[in-house]
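Q: There's a structure below that I have some questions on.
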Amino acid sequence: MDLKDIRVEIDKIDDEILNCFLKRMELSGEVAKSKIETGKAVNDSSREDSIVYRLSTKTPNELKFYLKELYSTMFAVSKSYQSTLMNKTSKSVEKIKEAVVKEDRKLPVSATVACQGVLGANSGVAAKRFFPISDVSYFKNFEGVFTAVDKGLCEYGVLPIENSTAGSVLEVYDLMNKYSFYIARSIRVKISHCLAVLPGVEKSQIKKVISHTQALSQCAEYLKNSKFDYEAVENTAVSAKKVAESDDKTLACLCSKECAEIYGLKILEENVEDNSNNYTRFILISKDLNVFDGSDRISIMTSAPHESGSLSKILARFSALGLNLTKLESRPIHGSDFEFLFYFDFEGNVQDNGVLNLIAEMENSSMLFNFLGAYKEIL
């Protein structure tokens, strides 16, 4: 057979597969009705395992793993379809339903906000963009921001979650599992670094540069070419403050232009970051769950069994519902060997029944699960 004839035969088989698929999905719908009546969960792994095993006995050895992959996807699609026909619930789903019926769903114009660092920090810039009128309090570290929100010292907290050049801020991801909170908004802030020193200092006098770890990473090539020693500090604004308060003419910092001006520093060079397309994404957190108008992004955290294919099964559920994943991050579970928490950001509406059922199913079937919020990202 030539290629054209082979494709004709494949088309015929695809038509047969489609008819079988439609019939299978129709029966899956009947299964969903039965599960609604009996209260059974959508997920039935033992049934899935028995189907794959039965079919594998009729399959050549070299195709058995392909068969398993095919049916893993088939099961995920079937369960996603069943979920759209059911009204599953969980603790998180009940909280979401309460949040979306609140009368006032607009982000406030003014608020008290917790940020890490000192005056001039980029998190403070993000806070001003979230709230035109804001009372910003600065804390030494990221955990201080979580604590301030947790104890009610501030209504909201602003935290960097990832940078387009240096990647995720892992410390924040780890703290997300420790504290109970919800994401209310996120924003992308363009980050530009300048080399700043005490007034009267020249570049030839510089021996060491200080800044935040992420800033040092974002300017790695520049630092390498300049042959400066460098040291990490808590924040870019902290580095500017330290230079301003020192008498050390050999010390410089990497900070924003605005920050250098706040602390009266001399700017030697601007835009020294290696990539001009340098953005940091900040999240706005609160203790209470609010789903403000325009929310179209969802964040969740969940564990997955330490077994082959567990993550791919979760991803298949998102794909079957047509949900676009925008972020996937894994972090080890403290005290466990080779166990991980997975953080998902995806585009979706929490008023969609399929999305709510997916959240309920994941929460009810996971050892660890946190709904982190439904929100809008400001670009």
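By order in the structure tokens, chains are A, B, ...; within a chain, residues start at 1; ligands start at 1, following the order shown.
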Extract the full set of strand (DSSP E or B) residues from region 43-162 of chain A according to DSSP on the backbone, and format it as a list in words.
A: Ser110, Ala111, Thr112, Val113, Ala114, Cys115, Gln116, Ile133, Ser134, Asp135, Val136, Ser137, Tyr138, Phe139, Tyr156, Gly157, Val158, Leu159, Pro160, Ile161 and Glu162 of chain A
Q: Mind dumping the selected residues with N, CA and C atoms as a PDB file, in the first residue's frame?
A:
```pdb
ATOM      1  N   SER A 110      -8.799  51.646  48.561  1.00  0.00           N
ATOM      2  CA  SER A 110      -7.807  51.874  49.615  1.00  0.00           C
ATOM      3  C   SER A 110      -7.712  50.663  50.523  1.00  0.00           C
ATOM      4  N   ALA A 111      -6.535  50.463  51.118  1.00  0.00           N
ATOM      5  CA  ALA A 111      -6.336  49.318  52.003  1.00  0.00           C
ATOM      6  C   ALA A 111      -5.015  49.441  52.752  1.00  0.00           C
ATOM      7  N   THR A 112      -4.886  48.696  53.846  1.00  0.00           N
ATOM      8  CA  THR A 112      -3.598  48.549  54.535  1.00  0.00           C
ATOM      9  C   THR A 112      -2.891  47.342  53.935  1.00  0.00           C
ATOM     10  N   VAL A 113      -1.619  47.526  53.603  1.00  0.00           N
ATOM     11  CA  VAL A 113      -0.895  46.500  52.843  1.00  0.00           C
ATOM     12  C   VAL A 113       0.454  46.192  53.484  1.00  0.00           C
ATOM     13  N   ALA A 114       0.799  44.905  53.525  1.00  0.00           N
ATOM     14  CA  ALA A 114       2.102  44.454  54.022  1.00  0.00           C
ATOM     15  C   ALA A 114       3.009  44.112  52.847  1.00  0.00           C
ATOM     16  N   CYS A 115       4.255  44.605  52.887  1.00  0.00           N
ATOM     17  CA  CYS A 115       5.249  44.309  51.850  1.00  0.00           C
ATOM     18  C   CYS A 115       6.567  43.933  52.505  1.00  0.00           C
ATOM     19  N   GLN A 116       7.392  43.216  51.777  1.00  0.00           N
ATOM     20  CA  GLN A 116       8.721  42.856  52.274  1.00  0.00           C
ATOM     21  C   GLN A 116       9.722  43.906  51.833  1.00  0.00           C
ATOM     22  N   ILE A 133      -4.847  54.340  46.925  1.00  0.00           N
ATOM     23  CA  ILE A 133      -4.717  54.896  48.272  1.00  0.00           C
ATOM     24  C   ILE A 133      -4.371  53.740  49.201  1.00  0.00           C
ATOM     25  N   SER A 134      -3.158  53.751  49.743  1.00  0.00           N
ATOM     26  CA  SER A 134      -2.737  52.600  50.556  1.00  0.00           C
ATOM     27  C   SER A 134      -1.823  53.028  51.691  1.00  0.00           C
ATOM     28  N   ASP A 135      -1.937  52.301  52.775  1.00  0.00           N
ATOM     29  CA  ASP A 135      -1.056  52.469  53.930  1.00  0.00           C
ATOM     30  C   ASP A 135      -0.148  51.245  53.952  1.00  0.00           C
ATOM     31  N   VAL A 136       1.091  51.404  53.486  1.00  0.00           N
ATOM     32  CA  VAL A 136       2.007  50.271  53.311  1.00  0.00           C
ATOM     33  C   VAL A 136       2.923  50.126  54.523  1.00  0.00           C
ATOM     34  N   SER A 137       2.973  48.915  55.058  1.00  0.00           N
ATOM     35  CA  SER A 137       3.907  48.578  56.136  1.00  0.00           C
ATOM     36  C   SER A 137       4.937  47.603  55.581  1.00  0.00           C
ATOM     37  N   TYR A 138       6.206  47.826  55.926  1.00  0.00           N
ATOM     38  CA  TYR A 138       7.280  46.974  55.402  1.00  0.00           C
ATOM     39  C   TYR A 138       7.781  46.019  56.479  1.00  0.00           C
ATOM     40  N   PHE A 139       8.065  44.781  56.060  1.00  0.00           N
ATOM     41  CA  PHE A 139       8.539  43.746  56.974  1.00  0.00           C
ATOM     42  C   PHE A 139       9.854  43.181  56.453  1.00  0.00           C
ATOM     43  N   TYR A 156      -4.144  43.233  53.426  1.00  0.00           N
ATOM     44  CA  TYR A 156      -3.586  42.537  52.270  1.00  0.00           C
ATOM     45  C   TYR A 156      -2.064  42.468  52.372  1.00  0.00           C
ATOM     46  N   GLY A 157      -1.497  41.533  51.631  1.00  0.00           N
ATOM     47  CA  GLY A 157      -0.048  41.420  51.523  1.00  0.00           C
ATOM     48  C   GLY A 157       0.349  41.322  50.060  1.00  0.00           C
ATOM     49  N   VAL A 158       1.510  41.851  49.724  1.00  0.00           N
ATOM     50  CA  VAL A 158       2.021  41.787  48.345  1.00  0.00           C
ATOM     51  C   VAL A 158       3.323  41.001  48.347  1.00  0.00           C
ATOM     52  N   LEU A 159       3.409  39.997  47.470  1.00  0.00           N
ATOM     53  CA  LEU A 159       4.575  39.107  47.436  1.00  0.00           C
ATOM     54  C   LEU A 159       4.988  38.803  46.001  1.00  0.00           C
ATOM     55  N   PRO A 160       6.301  38.779  45.722  1.00  0.00           N
ATOM     56  CA  PRO A 160       6.758  38.370  44.389  1.00  0.00           C
ATOM     57  C   PRO A 160       6.650  36.854  44.268  1.00  0.00           C
ATOM     58  N   ILE A 161       6.116  36.387  43.154  1.00  0.00           N
ATOM     59  CA  ILE A 161       5.936  34.942  42.988  1.00  0.00           C
ATOM     60  C   ILE A 161       6.837  34.360  41.902  1.00  0.00           C
ATOM     61  N   GLU A 162       7.151  35.179  40.891  1.00  0.00           N
ATOM     62  CA  GLU A 162       8.064  34.701  39.839  1.00  0.00           C
ATOM     63  C   GLU A 162       8.589  35.869  39.021  1.00  0.00           C
TER      64      GLU A 162
END
```
Q: Which residues, written as a list in words, have at least one atom at most 8 Å from Val243 (chain A), with only C-alpha atoms counted and residues fewer than 6 positions away on the same chain left out?
A: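 Counting only C-alpha atoms, the residues come to Val197, Leu198, Leu251, Ala252 and Cys253 of chain A.
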Q: In terms of the shortest atom-to-atom distance over only C-alpha atoms, which of A:Ile359, A:Ala240, A:Val31, A:Leu119 is closest to Gln82 (chain A)?
A: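 Distance minimum relative to Gln82 (chain A) lands on A:Val31.
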Q: Calculated over only C-alpha atoms, which of the candidates A:Ala215, A:Leu223, A:Leu372, A:Met86 has the smallest distance to Tyr173 (chain A)?
A: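 Among the listed residues, the smallest separation from Tyr173 (chain A) belongs to A:Leu372.
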Q: From the DSSP assignment of the backbone, select every residue of region 146-243 of chain A that is helix (DSSP H, G or I), and format the answer as a ChimeraX atom specification.
A: /A:146-150,170-178,203-205,213-218,220-226,236-243
Q: Between A:His212, A:Lys88, A:Lys313, A:Lys190, which is the closest to Leu379 (chain A) once you count only C-alpha atoms?
A: A:Lys190
Q: So, with only C-alpha atoms as the atoms that count, which of A:Val350, A:Ala360, A:Ile17, A:Ile285 lies closest to Asn43 (chain A)?
A: A:Ala360
Q: Which residues come within 12 Å of Arg54 (chain A), counting only C-alpha atoms, excluding same-chain residues fewer than 5 positions away, as a ChimeraX atom specification?
A: /A:47-49,59,64,67-68,71
Q: Restricting the output to N, CA and C atoms, write the selected residues as a CSV table (one decimal), in the first residue's frame.
A:
```
chain,number,residue,atom,x,y,z
A,47,ARG,N,-11.5,0.0,38.9
A,47,ARG,CA,-12.2,-0.3,37.7
A,47,ARG,C,-11.4,0.1,36.5
A,48,GLU,N,-10.7,1.2,36.5
A,48,GLU,CA,-9.8,1.6,35.4
A,48,GLU,C,-8.7,0.5,35.3
A,49,ASP,N,-8.1,0.1,36.4
A,49,ASP,CA,-7.0,-0.8,36.3
A,49,ASP,C,-7.4,-2.2,35.7
A,59,THR,N,-3.4,-7.6,23.7
A,59,THR,CA,-2.5,-6.6,23.0
A,59,THR,C,-1.1,-7.1,23.0
A,64,LYS,N,1.6,-2.5,24.7
A,64,LYS,CA,0.8,-2.5,25.9
A,64,LYS,C,0.9,-1.1,26.6
A,67,LEU,N,-1.2,1.3,24.9
A,67,LEU,CA,-2.6,1.1,25.3
A,67,LEU,C,-2.9,1.7,26.6
A,68,LYS,N,-2.0,1.6,27.6
A,68,LYS,CA,-2.2,2.2,28.9
A,68,LYS,C,-2.3,3.7,28.8
A,71,TYR,N,-5.8,4.7,27.2
A,71,TYR,CA,-6.9,4.6,28.1
A,71,TYR,C,-6.8,5.5,29.3
```
Q: Point out the residue among A:Phe65, A:Leu175, A:Thr213, A:Thr302 with the least atom-to-atom distance to Glu363 (chain A), counting only C-alpha atoms.
A: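 Checking each candidate against Glu363 (chain A), we get A:Thr302 as the closest.
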Q: Identify which of the residues A:Lys23, A:Arg317, A:Arg281, A:Lys227 lies closest to Met362 (chain A), counting only C-alpha atoms when measuring atom-to-atom distances.
A: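 Ranking A:Lys23, A:Arg317, A:Arg281, A:Lys227 by distance to Met362 (chain A), first place goes to A:Arg317.
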Q: Do you have, as a Markdown table, the list of residues of region 159-208 of chain A lying at most 8 Å from region 256-263 of chain A, each with its nearest atom pair and that distance in Å to one decimal, counting only C-alpha atoms and ordered by chain then number?
A:
```
| residue | atom | partner | partner_atom | distance |
| --- | --- | --- | --- | --- |
| A:Ile191 | CA | A:Ser256 | CA | 7.6 |
| A:Ser192 | CA | A:Ser256 | CA | 6.0 |
| A:His193 | CA | A:Ser256 | CA | 4.9 |
| A:Cys194 | CA | A:Ser256 | CA | 5.8 |
| A:Ala196 | CA | A:Ala260 | CA | 6.4 |
```
Q: Any chance you could export the current selection's C-alpha atoms as a short mmCIF file (atom, residue, chain, number, x, y, z; two decimals), in the first residue's frame?
A:
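As a result, selection-v5.cif now contains:
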```
data_model
loop_
_atom_site.label_atom_id
_atom_site.label_comp_id
_atom_site.auth_asym_id
_atom_site.auth_seq_id
_atom_site.Cartn_x
_atom_site.Cartn_y
_atom_site.Cartn_z
CA ILE A 191 11.77 45.54 36.56
CA SER A 192 14.74 47.74 35.60
CA HIS A 193 17.92 47.86 37.64
CA CYS A 194 20.50 50.60 37.88
CA ALA A 196 23.86 53.17 42.25
#
```
Q: Give me, as number ranges by chain, all polymer residues having an atom no more than 10 Å from Val291 (chain A), counting only C-alpha atoms and skipping those fewer than 6 positions away in the same chain.
A: A: 96-102, 104-107, 182-185, 350, 373-376
Q: Can those selected residues be exported to a file as a PDB file, in the first residue's frame so that it contains N, CA and C atoms?
A:
```
ATOM      1  N   ILE A  96     -16.279  28.926  47.812  1.00  0.00           N
ATOM      2  CA  ILE A  96     -16.320  29.651  46.545  1.00  0.00           C
ATOM      3  C   ILE A  96     -17.744  30.122  46.252  1.00  0.00           C
ATOM      4  N   LYS A  97     -18.712  29.239  46.455  1.00  0.00           N
ATOM      5  CA  LYS A  97     -20.110  29.587  46.190  1.00  0.00           C
ATOM      6  C   LYS A  97     -20.572  30.740  47.080  1.00  0.00           C
ATOM      7  N   GLU A  98     -20.079  30.776  48.302  1.00  0.00           N
ATOM      8  CA  GLU A  98     -20.425  31.886  49.203  1.00  0.00           C
ATOM      9  C   GLU A  98     -19.789  33.195  48.716  1.00  0.00           C
ATOM     10  N   ALA A  99     -18.561  33.081  48.196  1.00  0.00           N
ATOM     11  CA  ALA A  99     -17.832  34.286  47.772  1.00  0.00           C
ATOM     12  C   ALA A  99     -18.441  34.926  46.532  1.00  0.00           C
ATOM     13  N   VAL A 100     -18.902  34.103  45.582  1.00  0.00           N
ATOM     14  CA  VAL A 100     -19.381  34.658  44.307  1.00  0.00           C
ATOM     15  C   VAL A 100     -20.761  35.296  44.405  1.00  0.00           C
ATOM     16  N   VAL A 101     -21.459  35.109  45.522  1.00  0.00           N
ATOM     17  CA  VAL A 101     -22.780  35.733  45.671  1.00  0.00           C
ATOM     18  C   VAL A 101     -22.732  36.987  46.553  1.00  0.00           C
ATOM     19  N   LYS A 102     -21.541  37.379  46.982  1.00  0.00           N
ATOM     20  CA  LYS A 102     -21.423  38.609  47.764  1.00  0.00           C
ATOM     21  C   LYS A 102     -21.844  39.803  46.916  1.00  0.00           C
ATOM     22  N   ASP A 104     -20.881  43.071  47.115  1.00  0.00           N
ATOM     23  CA  ASP A 104     -19.771  43.941  46.712  1.00  0.00           C
ATOM     24  C   ASP A 104     -18.594  43.080  46.266  1.00  0.00           C
ATOM     25  N   ARG A 105     -18.355  43.031  44.957  1.00  0.00           N
ATOM     26  CA  ARG A 105     -17.275  42.204  44.429  1.00  0.00           C
ATOM     27  C   ARG A 105     -16.241  43.053  43.689  1.00  0.00           C
ATOM     28  N   LYS A 106     -16.093  44.303  44.128  1.00  0.00           N
ATOM     29  CA  LYS A 106     -15.086  45.178  43.535  1.00  0.00           C
ATOM     30  C   LYS A 106     -13.900  45.314  44.491  1.00  0.00           C
ATOM     31  N   LEU A 107     -12.691  45.266  43.928  1.00  0.00           N
ATOM     32  CA  LEU A 107     -11.489  45.452  44.736  1.00  0.00           C
ATOM     33  C   LEU A 107     -11.507  46.855  45.332  1.00  0.00           C
ATOM     34  N   TYR A 182      -5.645  33.606  50.647  1.00  0.00           N
ATOM     35  CA  TYR A 182      -6.192  33.521  49.290  1.00  0.00           C
ATOM     36  C   TYR A 182      -5.593  34.625  48.426  1.00  0.00           C
ATOM     37  N   ILE A 183      -5.388  34.325  47.152  1.00  0.00           N
ATOM     38  CA  ILE A 183      -4.906  35.317  46.201  1.00  0.00           C
ATOM     39  C   ILE A 183      -6.106  36.120  45.695  1.00  0.00           C
ATOM     40  N   ALA A 184      -6.010  37.447  45.784  1.00  0.00           N
ATOM     41  CA  ALA A 184      -7.108  38.318  45.367  1.00  0.00           C
ATOM     42  C   ALA A 184      -6.845  38.986  44.018  1.00  0.00           C
ATOM     43  N   ARG A 185      -5.611  39.149  43.655  1.00  0.00           N
ATOM     44  CA  ARG A 185      -5.193  39.765  42.390  1.00  0.00           C
ATOM     45  C   ARG A 185      -3.749  39.385  42.121  1.00  0.00           C
ATOM     46  N   VAL A 350     -14.705  30.242  38.169  1.00  0.00           N
ATOM     47  CA  VAL A 350     -15.176  29.417  39.284  1.00  0.00           C
ATOM     48  C   VAL A 350     -16.699  29.342  39.354  1.00  0.00           C
ATOM     49  N   GLY A 373      -7.204  30.594  45.361  1.00  0.00           N
ATOM     50  CA  GLY A 373      -7.909  31.796  44.964  1.00  0.00           C
ATOM     51  C   GLY A 373      -8.302  31.848  43.506  1.00  0.00           C
ATOM     52  N   ALA A 374      -9.306  32.683  43.229  1.00  0.00           N
ATOM     53  CA  ALA A 374      -9.735  33.011  41.865  1.00  0.00           C
ATOM     54  C   ALA A 374      -9.586  34.520  41.720  1.00  0.00           C
ATOM     55  N   TYR A 375      -8.886  34.974  40.708  1.00  0.00           N
ATOM     56  CA  TYR A 375      -8.502  36.375  40.637  1.00  0.00           C
ATOM     57  C   TYR A 375      -8.222  36.806  39.198  1.00  0.00           C
ATOM     58  N   LYS A 376      -7.973  38.083  39.040  1.00  0.00           N
ATOM     59  CA  LYS A 376      -7.610  38.641  37.731  1.00  0.00           C
ATOM     60  C   LYS A 376      -6.155  39.086  37.772  1.00  0.00           C
TER      61      LYS A 376
END
```
